[in-house]
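To keep things clear, I will list the structure first and then write my remarks on it.
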Amino acid sequence: MPDPCRAAPPPLALPRGLLALVVLALVAVLPAVGATGAAAATPAPSAAGSAATPDPAVTTESDPEGETITVRVRTADREDVAGATVTATSAGVDPVTGTTDDGGLAELVVPGTGTYSVQLDVDTLTGPAAELLPRENPVQRSVTSGSANPVIFQLSEDGGAGADAGGVSAGQVAQLLANGLRYGLIIALAAIGLSMVFGTTGLTNFAHGELITFGALVTYALNVGVGLPFLLAAPLAVVAGGVFGLANDRLLWQPLRRRGTGLVAMMIVSIGLALFLRYLWLYLFGGSTQTYADYQGQRGLDLGLFTLRPIDLFSMGLAAVVLVVVGLVLVRTRLGKATRAVSDNPALAAASGIDVDRVIRTVWISGAALAGLSGVLLGLAQQVQYQMGFQILLLVFAAVTLGGLGTAFGAVVGALVIGVFLEVSTIVIPTELRNVGALLVLILVLLVRPQGILGRASRVG
Amino acid sequence: MDWSSILTQTARSAIGLETVIYALAAVGLNVQFGYAGLLNFGQAAFVAVGAYGIAVTVTVLGLPFGVGVVVGLVAAVLLAVLLGIPTLRLRADYLAIATIAAAEIVRLTVRSSTLREQTGGSSGLSGFAEGFYALSPLEQGGSYGFGPWVFGARLAWVLLVGWVLIALCCLVVWLLMRSPWGRVLKGIREDEDAVRSLGKNVYAYKMQALVIGGVIGALAGFLFGLGRASVQPDLYGTELTFFVYTVLLLGGAARVLGPVVGAAIFWVVLVLTENVLVQAVGAGYVPEAIMSSTQVGQVRFMLVGIALMLLMIFRPQGIFGDRRELAIDAR
C-alpha cells in the first residue's frame, strides 16, 4: 500500500528483518520439539491409530485391556432399542459380539485400535423395531484409543432409502448444522484477520494458514511439552500469535511497504514465507498427528436434537464472544473507526491525521492473535498437525471472498455460510468431496457477485 | 563425503526428468504470468489434467496412447476455458484465489474414492506408459549419453522427447511474442485499459494466453505421468504451482529461455544441497539433534521458501530477466 511518507530504509534492514523473523519463529516453536520427542519416546496412547492415518491392520500393543466401541441402537424417533445383537469384526481379530441393554447401548471391548466393521443383526430386533431397518449396516469405524468410539444405528421404516430420497431426519440436519456452526466460527476467527490485513494493506497473505497452525503448535508445546493446563496454554498461545503477527509486520511487511513493493510481488513473498514456515513447522513438530493432553475422550452432551462435547460448546461460545467484541471495537471505538478509514482510503486517512502505520500494526497483532485462537480451537475440534492451517486456508479465502474481500463483517458472514454449507452438503455429496463443493461455491460467487455478500461493486477492478 | 557421487548426481539433475517437467510447466506459466500478467495459481491443475488425460484414457478406457495425448490436450483447453470464463475479468488477487481453488478442486476430485473406478483414488493409476515407450527407437537395455549423463533406454527416451518439446515450445513462444499478437499481450500486462481503448478484445487475448499456457502445462503433465509411469493425485498439489513460480522467477519471467534456465538452476541447487546435507548428516558432520536424514528434505524446502522471498524482494526480474520487461504489478 502506498505509504504517504515513504522513507528509504537502511539497505540492510530487510535481510536482518528476515533473519530475525526466522530466529523468532524457531524460538517460539522450540518447546514443540521436546514435546514431540517425548511423545515419541513414550508411546502415548492418544497418538496411536489417529484418524488421519486409519490403519487397516489392528495394532494390539496400544492398550493391553483393549478399546471400547460404544454401540447405540435407536429409532429415528429417538427411542432406544434393547436386546439387539451387534458384532464388531476386523481382519485378524476374533469377532466381538454384544447385546444392547435397556438404554439401547452395548459396549464391545475389542483387542486394539484399527478399523472395525460393526454389524447389527436385524433379525434380533423385536417389538415395533422389528419392522424397521438401519440407515447404514454394517458401519465402518476407525477405533482410536481414549475415545468412546460411538457407533449409532438409526432405525427407520425405509432404512437407507429414505436418506437418499432426501428424507433426512431432523436430528441429523440439526447435528450437521451444529457441526457446521462450530467449523464456521473457527473459520471466521481466521477470516476476520485475513480480511482486515487485506483491507488495510492490500496484501493477500498466503502465510495466514501458518499463523493458524502456529496457535495450535504453541498450545500443544505448552500443554504437552511443558505440562501447563490447556486453559493456561491457550491464552498464552493467542498472545504468542499476536507477537508473531507483530514480528511479521515489523520485520517483513512494513519494510516492504516502505520500499514500495507491489501487491502482486508481496503476494508471492507471502507464498515463499508460507512454504518456509510450513516446512519449519514440519521440521520442528514432525509429520505426525497429535492431540492436546486435555479434553480427550470427553463424552458428548445430548442436547435433544444434537450432541456436542462440552468443550465444543465452550469453544463455540468463546469464538462467538470474541467475534462480537471485535465487531464492537470496529464499530464503536476510535481505533476501529481508524481501521475502517484506512481500509477505505489509506492516503485520505493519513491526511486526516490517522497514524496509518500504527493502525496496520494493530491490525496485524489482532489479526494474527485471532488466527492463533482459530488454530487453538481447530486443534481441539480436530487434531494438531503441521499443515492444519494450510489445509483450512482455502476455506478461509473462500469465506473472505464470499463475504467481500476487505470487509470484516463480510468475512464472518462468509465463514458461517461456508462452515454450515460444508457440513450440510454432506447430506447430498460424499464427505470427502465437501471441500470441492465449498470451492465451487467460491468460483460461482466470483462469477455472479464478485464483490461478495457485503462488498461494494467498486472494489473489484 | 563422496564428492564424486554428489557432483555426478548434481550434473545429472541439470537435464533430468524433474528439470524437464518444471521447465515445461514454467514455459507455460511464462506465457500466462510473464507475458500476459495473469496470476494463474492453478498451473498444477493443467499438469494434472495432462497426466490424467493419458492415464485414464489408456488404463480405464483401454484406448491407444495417441488418443490419450489428444484427450489430455483437449482437457487442458477445456479447463482453461472453464477457468477463464468466471475469472479473467477479475482483478489479479481474485484470479489468484479462484485459480488456486480450481486446482484444488481438480486434485480433490481425482483423488476421491467416489471416482476410484475412473481415476484410481488416492493411490492413482499406473501401467499406461508402455504405448509411449514402444515408440522409442532406442534399444532396450542399452545406455545412452556420455560423462555423468549416461541414462538407461527408458529415461533417455523420456528426456529426449522432453527436451525436444521444450525446444519446440520455446520456439513457439519466441515466435508468438515477436508477433503483433505478442505485443498486444505484453501491452495488456503493462496497461490493460490502454490496450482496451485501442479497440482490442482484452478478454479474448487473456483467454488465448491462458489456453496456450495451459496446453504447455499439459505437455509437462504428459512427461510427469510417463516418466514415472504412474500418476498420483497428491503430486499435483498447490506446492507444484509454487515451485513452478519459483523456477520461473529464478530464471526470469518474460524471457523465452528464462524458465528453462530457472528449472535447471532450481534442481541443481536442490539436488546439490540435498546430497551434501545427507552425506554431512551420514558422516556425522551435522549432529543428529540438529538434523536427521529425514529432515534434510524439509530443510531443502525451507530454502526454497526463503529463495522465493528473497528473489521477489531483491531481484524480481530473476537472474536473466530484464526489469523493464516485467511490470509485475500489472493488473
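In the C-alpha cells, chains take letters A, B, ... by order of appearance, with residues numbered from 1 within each chain and ligands from 1 in the order shown.
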Produce a table with one row for each residue of stretch 222-284 of chain A that has an atom at most 12 Å from any atom of stretch 315-332 of chain A, each row naming the nearest atom pair and its distance in Å at one decimal; use only C-alpha atoms; arrange rows by chain and rising residue number; format as a tab-separated table.
```
residue	atom	partner	partner_atom	distance
A:Leu231	CA	A:Ser315	CA	11.3
A:Ala234	CA	A:Ser315	CA	11.2
A:Pro235	CA	A:Leu318	CA	11.8
```
Item to complete: Would you mind writing down, as JSON, numbers by chain, each residue of stretch 221-446 of chain A that DSSP on the backbone assigns to strand (DSSP E or B)?
Response: {"A": [290, 301, 302, 307, 308, 384]}
Would you output that residue set with C-alpha atoms, as a CSV table (one decimal), in the first residue's frame?
```csv
chain,number,residue,atom,x,y,z
A,290,GLN,CA,-1.1,-35.2,17.8
A,301,LEU,CA,-23.7,-33.9,25.8
A,302,ASP,CA,-27.1,-34.9,24.3
A,307,THR,CA,-24.8,-33.9,20.5
A,308,LEU,CA,-21.8,-31.8,21.3
A,384,VAL,CA,-2.8,-30.9,15.7
```
Item to complete: Quick one: everything within 7 Å of stretch 113-123 of chain B, counting only C-alpha atoms, minus sequence neighbours fewer than 5 positions away in the same chain. Send it as a list in words.
Response: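 Close residues of stretch 113-123 of chain B: Val56, Val60, Gln232 and Pro233 of chain B.
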Using only C-alpha atoms, which residues sit within 12 Å of B:Ala36 once same-chain residues fewer than 3 positions away are excluded, as a PDB file with N, CA and C atoms, in the first residue's frame?
```pdb
ATOM      1  N   GLY B  28       4.949 -22.695 -19.887  1.00  0.00           N
ATOM      2  CA  GLY B  28       3.514 -22.407 -19.988  1.00  0.00           C
ATOM      3  C   GLY B  28       3.114 -21.254 -19.087  1.00  0.00           C
ATOM      4  N   LEU B  29       3.598 -21.302 -17.860  1.00  0.00           N
ATOM      5  CA  LEU B  29       3.257 -20.248 -16.906  1.00  0.00           C
ATOM      6  C   LEU B  29       3.818 -18.902 -17.371  1.00  0.00           C
ATOM      7  N   ASN B  30       4.956 -18.976 -18.066  1.00  0.00           N
ATOM      8  CA  ASN B  30       5.585 -17.744 -18.552  1.00  0.00           C
ATOM      9  C   ASN B  30       4.671 -17.018 -19.541  1.00  0.00           C
ATOM     10  N   VAL B  31       3.970 -17.791 -20.390  1.00  0.00           N
ATOM     11  CA  VAL B  31       3.030 -17.164 -21.322  1.00  0.00           C
ATOM     12  C   VAL B  31       1.951 -16.432 -20.533  1.00  0.00           C
ATOM     13  N   GLN B  32       1.446 -17.098 -19.472  1.00  0.00           N
ATOM     14  CA  GLN B  32       0.332 -16.519 -18.709  1.00  0.00           C
ATOM     15  C   GLN B  32       0.805 -15.391 -17.797  1.00  0.00           C
ATOM     16  N   PHE B  33       1.806 -15.681 -16.964  1.00  0.00           N
ATOM     17  CA  PHE B  33       2.230 -14.719 -15.955  1.00  0.00           C
ATOM     18  C   PHE B  33       3.262 -13.741 -16.493  1.00  0.00           C
ATOM     19  N   LEU B  39      -2.164 -13.909 -13.109  1.00  0.00           N
ATOM     20  CA  LEU B  39      -1.652 -14.564 -11.911  1.00  0.00           C
ATOM     21  C   LEU B  39      -2.319 -15.932 -11.771  1.00  0.00           C
ATOM     22  N   ASN B  40      -1.900 -16.880 -12.616  1.00  0.00           N
ATOM     23  CA  ASN B  40      -2.506 -18.210 -12.587  1.00  0.00           C
ATOM     24  C   ASN B  40      -1.839 -19.058 -11.513  1.00  0.00           C
ATOM     25  N   LEU B  88     -11.305 -14.324 -15.610  1.00  0.00           N
ATOM     26  CA  LEU B  88     -10.387 -13.437 -16.328  1.00  0.00           C
ATOM     27  C   LEU B  88     -10.797 -11.975 -16.278  1.00  0.00           C
ATOM     28  N   ALA B  92      -6.276  -9.091 -10.203  1.00  0.00           N
ATOM     29  CA  ALA B  92      -5.238 -10.114 -10.093  1.00  0.00           C
ATOM     30  C   ALA B  92      -5.391 -10.989  -8.851  1.00  0.00           C
ATOM     31  N   MET B 177       5.722 -14.160 -29.365  1.00  0.00           N
ATOM     32  CA  MET B 177       5.940 -12.923 -28.641  1.00  0.00           C
ATOM     33  C   MET B 177       6.560 -11.830 -29.499  1.00  0.00           C
ATOM     34  N   TRP B 181       0.478 -10.242 -32.101  1.00  0.00           N
ATOM     35  CA  TRP B 181      -0.306 -10.847 -31.020  1.00  0.00           C
ATOM     36  C   TRP B 181       0.449 -10.721 -29.696  1.00  0.00           C
ATOM     37  N   GLY B 182       1.758 -11.030 -29.743  1.00  0.00           N
ATOM     38  CA  GLY B 182       2.569 -10.973 -28.531  1.00  0.00           C
ATOM     39  C   GLY B 182       2.693  -9.553 -28.006  1.00  0.00           C
ATOM     40  N   ARG B 183       2.781  -8.588 -28.932  1.00  0.00           N
ATOM     41  CA  ARG B 183       2.899  -7.198 -28.473  1.00  0.00           C
ATOM     42  C   ARG B 183       1.622  -6.758 -27.760  1.00  0.00           C
ATOM     43  N   VAL B 184       0.469  -7.190 -28.283  1.00  0.00           N
ATOM     44  CA  VAL B 184      -0.784  -6.858 -27.604  1.00  0.00           C
ATOM     45  C   VAL B 184      -0.795  -7.472 -26.204  1.00  0.00           C
ATOM     46  N   LEU B 185      -0.328  -8.733 -26.126  1.00  0.00           N
ATOM     47  CA  LEU B 185      -0.325  -9.435 -24.840  1.00  0.00           C
ATOM     48  C   LEU B 185       0.521  -8.679 -23.815  1.00  0.00           C
ATOM     49  N   LYS B 186       1.722  -8.251 -24.259  1.00  0.00           N
ATOM     50  CA  LYS B 186       2.581  -7.515 -23.333  1.00  0.00           C
ATOM     51  C   LYS B 186       1.957  -6.169 -22.983  1.00  0.00           C
ATOM     52  N   GLY B 187       1.243  -5.606 -23.955  1.00  0.00           N
ATOM     53  CA  GLY B 187       0.536  -4.354 -23.683  1.00  0.00           C
ATOM     54  C   GLY B 187      -0.515  -4.541 -22.595  1.00  0.00           C
ATOM     55  N   ILE B 188      -1.213  -5.666 -22.635  1.00  0.00           N
ATOM     56  CA  ILE B 188      -2.226  -5.945 -21.607  1.00  0.00           C
ATOM     57  C   ILE B 188      -1.562  -6.017 -20.237  1.00  0.00           C
ATOM     58  N   ARG B 189      -0.388  -6.649 -20.208  1.00  0.00           N
ATOM     59  CA  ARG B 189       0.331  -6.768 -18.942  1.00  0.00           C
ATOM     60  C   ARG B 189       0.690  -5.381 -18.392  1.00  0.00           C
ATOM     61  N   GLU B 190       1.107  -4.496 -19.300  1.00  0.00           N
ATOM     62  CA  GLU B 190       1.540  -3.174 -18.844  1.00  0.00           C
ATOM     63  C   GLU B 190       0.355  -2.290 -18.482  1.00  0.00           C
ATOM     64  N   ASP B 191      -0.629  -2.236 -19.351  1.00  0.00           N
ATOM     65  CA  ASP B 191      -1.773  -1.359 -19.078  1.00  0.00           C
ATOM     66  C   ASP B 191      -2.976  -1.868 -19.863  1.00  0.00           C
ATOM     67  N   GLU B 192      -3.822  -2.583 -19.133  1.00  0.00           N
ATOM     68  CA  GLU B 192      -4.955  -3.243 -19.754  1.00  0.00           C
ATOM     69  C   GLU B 192      -5.907  -2.220 -20.386  1.00  0.00           C
ATOM     70  N   VAL B 202      -9.491  -7.447 -24.934  1.00  0.00           N
ATOM     71  CA  VAL B 202      -8.539  -7.879 -23.911  1.00  0.00           C
ATOM     72  C   VAL B 202      -8.896  -9.260 -23.370  1.00  0.00           C
ATOM     73  N   TYR B 203     -10.181  -9.467 -23.146  1.00  0.00           N
ATOM     74  CA  TYR B 203     -10.657 -10.740 -22.592  1.00  0.00           C
ATOM     75  C   TYR B 203     -10.250 -11.908 -23.489  1.00  0.00           C
ATOM     76  N   ALA B 204     -10.426 -11.743 -24.812  1.00  0.00           N
ATOM     77  CA  ALA B 204     -10.088 -12.822 -25.744  1.00  0.00           C
ATOM     78  C   ALA B 204      -8.589 -13.103 -25.723  1.00  0.00           C
ATOM     79  N   TYR B 205      -7.779 -12.028 -25.686  1.00  0.00           N
ATOM     80  CA  TYR B 205      -6.324 -12.233 -25.648  1.00  0.00           C
ATOM     81  C   TYR B 205      -5.905 -12.978 -24.384  1.00  0.00           C
ATOM     82  N   LYS B 206      -6.492 -12.572 -23.247  1.00  0.00           N
ATOM     83  CA  LYS B 206      -6.152 -13.247 -21.988  1.00  0.00           C
ATOM     84  C   LYS B 206      -6.541 -14.717 -22.059  1.00  0.00           C
ATOM     85  N   MET B 207      -7.722 -14.977 -22.619  1.00  0.00           N
ATOM     86  CA  MET B 207      -8.178 -16.363 -22.713  1.00  0.00           C
ATOM     87  C   MET B 207      -7.225 -17.182 -23.576  1.00  0.00           C
ATOM     88  N   GLN B 208      -6.778 -16.587 -24.707  1.00  0.00           N
ATOM     89  CA  GLN B 208      -5.848 -17.318 -25.578  1.00  0.00           C
ATOM     90  C   GLN B 208      -4.539 -17.610 -24.845  1.00  0.00           C
ATOM     91  N   ALA B 209      -4.061 -16.627 -24.078  1.00  0.00           N
ATOM     92  CA  ALA B 209      -2.820 -16.845 -23.328  1.00  0.00           C
ATOM     93  C   ALA B 209      -3.013 -17.958 -22.305  1.00  0.00           C
ATOM     94  N   LEU B 210      -4.178 -17.956 -21.628  1.00  0.00           N
ATOM     95  CA  LEU B 210      -4.441 -18.994 -20.619  1.00  0.00           C
ATOM     96  C   LEU B 210      -4.464 -20.368 -21.271  1.00  0.00           C
ATOM     97  N   VAL B 211      -5.101 -20.467 -22.451  1.00  0.00           N
ATOM     98  CA  VAL B 211      -5.196 -21.755 -23.147  1.00  0.00           C
ATOM     99  C   VAL B 211      -3.805 -22.226 -23.574  1.00  0.00           C
ATOM    100  N   ILE B 212      -3.019 -21.342 -24.187  1.00  0.00           N
ATOM    101  CA  ILE B 212      -1.696 -21.751 -24.673  1.00  0.00           C
ATOM    102  C   ILE B 212      -0.819 -22.202 -23.499  1.00  0.00           C
ATOM    103  N   GLY B 213      -0.804 -21.390 -22.417  1.00  0.00           N
ATOM    104  CA  GLY B 213      -0.014 -21.767 -21.242  1.00  0.00           C
ATOM    105  C   GLY B 213      -0.493 -23.072 -20.644  1.00  0.00           C
ATOM    106  N   ALA B 253      11.112 -14.053 -15.561  1.00  0.00           N
ATOM    107  CA  ALA B 253       9.854 -14.112 -16.289  1.00  0.00           C
ATOM    108  C   ALA B 253       9.943 -13.220 -17.514  1.00  0.00           C
ATOM    109  N   ALA B 254       9.103 -13.481 -18.496  1.00  0.00           N
ATOM    110  CA  ALA B 254       9.042 -12.710 -19.736  1.00  0.00           C
ATOM    111  C   ALA B 254      10.339 -12.818 -20.536  1.00  0.00           C
ATOM    112  N   GLU B 325      11.141  -5.219 -18.567  1.00  0.00           N
ATOM    113  CA  GLU B 325      10.183  -6.110 -19.205  1.00  0.00           C
ATOM    114  C   GLU B 325       9.065  -6.493 -18.250  1.00  0.00           C
ATOM    115  N   LEU B 326       9.350  -6.440 -16.957  1.00  0.00           N
ATOM    116  CA  LEU B 326       8.436  -7.094 -16.037  1.00  0.00           C
ATOM    117  C   LEU B 326       7.798  -6.081 -15.102  1.00  0.00           C
ATOM    118  N   ALA B 327       6.660  -5.564 -15.512  1.00  0.00           N
ATOM    119  CA  ALA B 327       5.869  -4.744 -14.605  1.00  0.00           C
ATOM    120  C   ALA B 327       5.021  -5.716 -13.796  1.00  0.00           C
ATOM    121  N   ILE B 328       5.584  -6.194 -12.699  1.00  0.00           N
ATOM    122  CA  ILE B 328       4.983  -7.335 -12.024  1.00  0.00           C
ATOM    123  C   ILE B 328       3.661  -6.973 -11.385  1.00  0.00           C
ATOM    124  N   ASP B 329       3.377  -5.684 -11.291  1.00  0.00           N
ATOM    125  CA  ASP B 329       2.107  -5.313 -10.683  1.00  0.00           C
ATOM    126  C   ASP B 329       1.029  -4.992 -11.689  1.00  0.00           C
ATOM    127  N   ALA B 330       1.268  -5.340 -12.950  1.00  0.00           N
ATOM    128  CA  ALA B 330       0.227  -5.114 -13.950  1.00  0.00           C
ATOM    129  C   ALA B 330      -1.018  -5.893 -13.560  1.00  0.00           C
ATOM    130  N   ARG B 331      -2.155  -5.259 -13.721  1.00  0.00           N
ATOM    131  CA  ARG B 331      -3.378  -5.952 -13.330  1.00  0.00           C
ATOM    132  C   ARG B 331      -4.169  -6.329 -14.563  1.00  0.00           C
TER     133      ARG B 331
END
```
Item to complete: Select residues of chain B: the criterion is any atom within 7 Å of an atom of chain A, counting only C-alpha atoms; output as a list in words.
Response: Pro86, Leu90, Arg91, Asp93, Ala98, Ala101, Ile105, Leu108, Thr109, Ser112, Gln295, Gln298, Phe301, Met302, Gly305, Ile306, Leu308, Met309, Met312, Ile328 and Asp329 of chain B
With C-alpha atoms retained, write the just-selected residues as an mmCIF file, in the first residue's frame.
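As written to disk, selection00.cif reads:
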```cif
data_model
loop_
_atom_site.group_PDB
_atom_site.id
_atom_site.type_symbol
_atom_site.label_atom_id
_atom_site.label_comp_id
_atom_site.auth_asym_id
_atom_site.auth_seq_id
_atom_site.Cartn_x
_atom_site.Cartn_y
_atom_site.Cartn_z
ATOM 1 C CA PRO B 86 -15.530 -16.629 -14.489
ATOM 2 C CA LEU B 90 -11.401 -10.157 -12.186
ATOM 3 C CA ARG B 91 -8.554 -8.310 -10.534
ATOM 4 C CA ASP B 93 -5.736 -11.187 -6.480
ATOM 5 C CA ALA B 98 -10.005 -18.592 -7.979
ATOM 6 C CA ALA B 101 -9.269 -23.112 -5.740
ATOM 7 C CA ILE B 105 -10.989 -28.928 -6.981
ATOM 8 C CA LEU B 108 -9.620 -33.455 -4.652
ATOM 9 C CA THR B 109 -11.950 -34.762 -7.345
ATOM 10 C CA SER B 112 -11.880 -39.061 -4.209
ATOM 11 C CA GLN B 295 14.698 -33.662 7.949
ATOM 12 C CA GLN B 298 12.323 -30.331 4.909
ATOM 13 C CA PHE B 301 12.007 -26.817 1.046
ATOM 14 C CA MET B 302 12.590 -24.161 3.703
ATOM 15 C CA GLY B 305 10.655 -20.648 0.551
ATOM 16 C CA ILE B 306 13.454 -18.291 1.553
ATOM 17 C CA LEU B 308 11.324 -17.275 -3.343
ATOM 18 C CA MET B 309 11.013 -14.445 -0.812
ATOM 19 C CA MET B 312 10.834 -11.451 -5.174
ATOM 20 C CA ILE B 328 4.983 -7.335 -12.024
ATOM 21 C CA ASP B 329 2.107 -5.313 -10.683
#
```
Worksheet item: From the list B:Gly62, B:Gly297, B:Gly214, B:Gly42, which residue is nearest B:Leu272 when using only C-alpha atoms?
Response: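 For B:Leu272, the nearest of the given residues is B:Gly297.
Within the 12 Å cut-off around A:Asp355, using only C-alpha atoms and omitting residues fewer than 5 positions from it on the same chain, the listed residues are Asp3, Pro4, Cys5, Arg334, Leu335, Ala338, Thr339, Ala341, Val342, Pro346, Ala347, Leu348, Ala349, Ala350, Ile360, Arg361 and Thr362 of chain A.
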Discussion item. So that I can check the secondary structure, give me every residue of stretch 201-450 of chain A assigned helix (DSSP H, G or I) by backbone DSSP, as a PyMOL selection string.
Written reply: chain A and resi 201+208-226+230-259+263-285+310-332+334-344+346-351+356-381+388-403+408-427+431-448
Item to complete: Mind checking which residues fall within 8 Å of A:Arg74, counting only C-alpha atoms, ignoring those fewer than 4 positions away in the same chain, and posting them as a PyMOL selection string?
Response: chain A and resi 78-81+104+152-155
Output for the residues just chosen: N, CA and C atoms as a PDB file, in the first residue's frame:
```
ATOM      1  N   ARG A  78     -35.908 -41.485  18.216  1.00  0.00           N
ATOM      2  CA  ARG A  78     -35.027 -41.435  19.372  1.00  0.00           C
ATOM      3  C   ARG A  78     -35.493 -42.329  20.499  1.00  0.00           C
ATOM      4  N   GLU A  79     -36.108 -43.477  20.161  1.00  0.00           N
ATOM      5  CA  GLU A  79     -36.433 -44.459  21.195  1.00  0.00           C
ATOM      6  C   GLU A  79     -35.361 -45.534  21.175  1.00  0.00           C
ATOM      7  N   ASP A  80     -34.835 -45.845  22.353  1.00  0.00           N
ATOM      8  CA  ASP A  80     -33.754 -46.819  22.443  1.00  0.00           C
ATOM      9  C   ASP A  80     -34.290 -48.230  22.226  1.00  0.00           C
ATOM     10  N   VAL A  81     -33.507 -49.054  21.560  1.00  0.00           N
ATOM     11  CA  VAL A  81     -33.908 -50.415  21.252  1.00  0.00           C
ATOM     12  C   VAL A  81     -33.036 -51.367  22.068  1.00  0.00           C
ATOM     13  N   GLY A 104     -30.476 -49.052  25.107  1.00  0.00           N
ATOM     14  CA  GLY A 104     -30.105 -49.184  23.701  1.00  0.00           C
ATOM     15  C   GLY A 104     -28.600 -49.213  23.483  1.00  0.00           C
ATOM     16  N   ILE A 152     -23.600 -45.526  15.929  1.00  0.00           N
ATOM     17  CA  ILE A 152     -25.043 -45.407  16.121  1.00  0.00           C
ATOM     18  C   ILE A 152     -25.770 -46.058  14.959  1.00  0.00           C
ATOM     19  N   PHE A 153     -26.691 -46.958  15.296  1.00  0.00           N
ATOM     20  CA  PHE A 153     -27.579 -47.498  14.270  1.00  0.00           C
ATOM     21  C   PHE A 153     -28.912 -46.791  14.400  1.00  0.00           C
ATOM     22  N   GLN A 154     -29.249 -46.015  13.403  1.00  0.00           N
ATOM     23  CA  GLN A 154     -30.510 -45.283  13.433  1.00  0.00           C
ATOM     24  C   GLN A 154     -31.519 -46.079  12.605  1.00  0.00           C
ATOM     25  N   LEU A 155     -32.621 -46.497  13.229  1.00  0.00           N
ATOM     26  CA  LEU A 155     -33.596 -47.327  12.531  1.00  0.00           C
ATOM     27  C   LEU A 155     -34.744 -46.458  12.017  1.00  0.00           C
TER      28      LEU A 155
END
```
Practice prompt. Please measure the separation of atom CA of A:Asn223 and atom CA of A:Gly375, giving the value in Å to one decimal.
Written response: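 Between these atoms lies a distance of 14.2 Å.
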Discussion item. List as a PyMOL selection string the protein and nucleic acid residues near A:Ile453, meaning an atom at most 8 Å away when only C-alpha atoms are counted, but skip any in the same chain fewer than 5 places from it.
Written reply: chain A and resi 402-404+410+414
Response to the item:
Using only C-alpha atoms, the best pick from A:Ala84, A:Leu236, A:Val363, A:Ala381 as closest to A:Gly180 would be A:Ala381
Worksheet item: For B:Arg315, which residue out of B:Leu223, B:Cys170, B:Val261, B:Leu249 is the nearest one, using only C-alpha atoms?
Response: B:Leu249
Worksheet entry | Coordinates-based distance that separates atom CA of B:Phe146 from atom CA of B:Arg12 (Å, one decimal) |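 That distance, rounded to one decimal, is 10.8 Å.
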Practice prompt. Give me, please, the distance in Å between atom CA of A:Ile186 and atom CA of A:Lys337, quoted to one decimal.
Written response: 25.1 Å
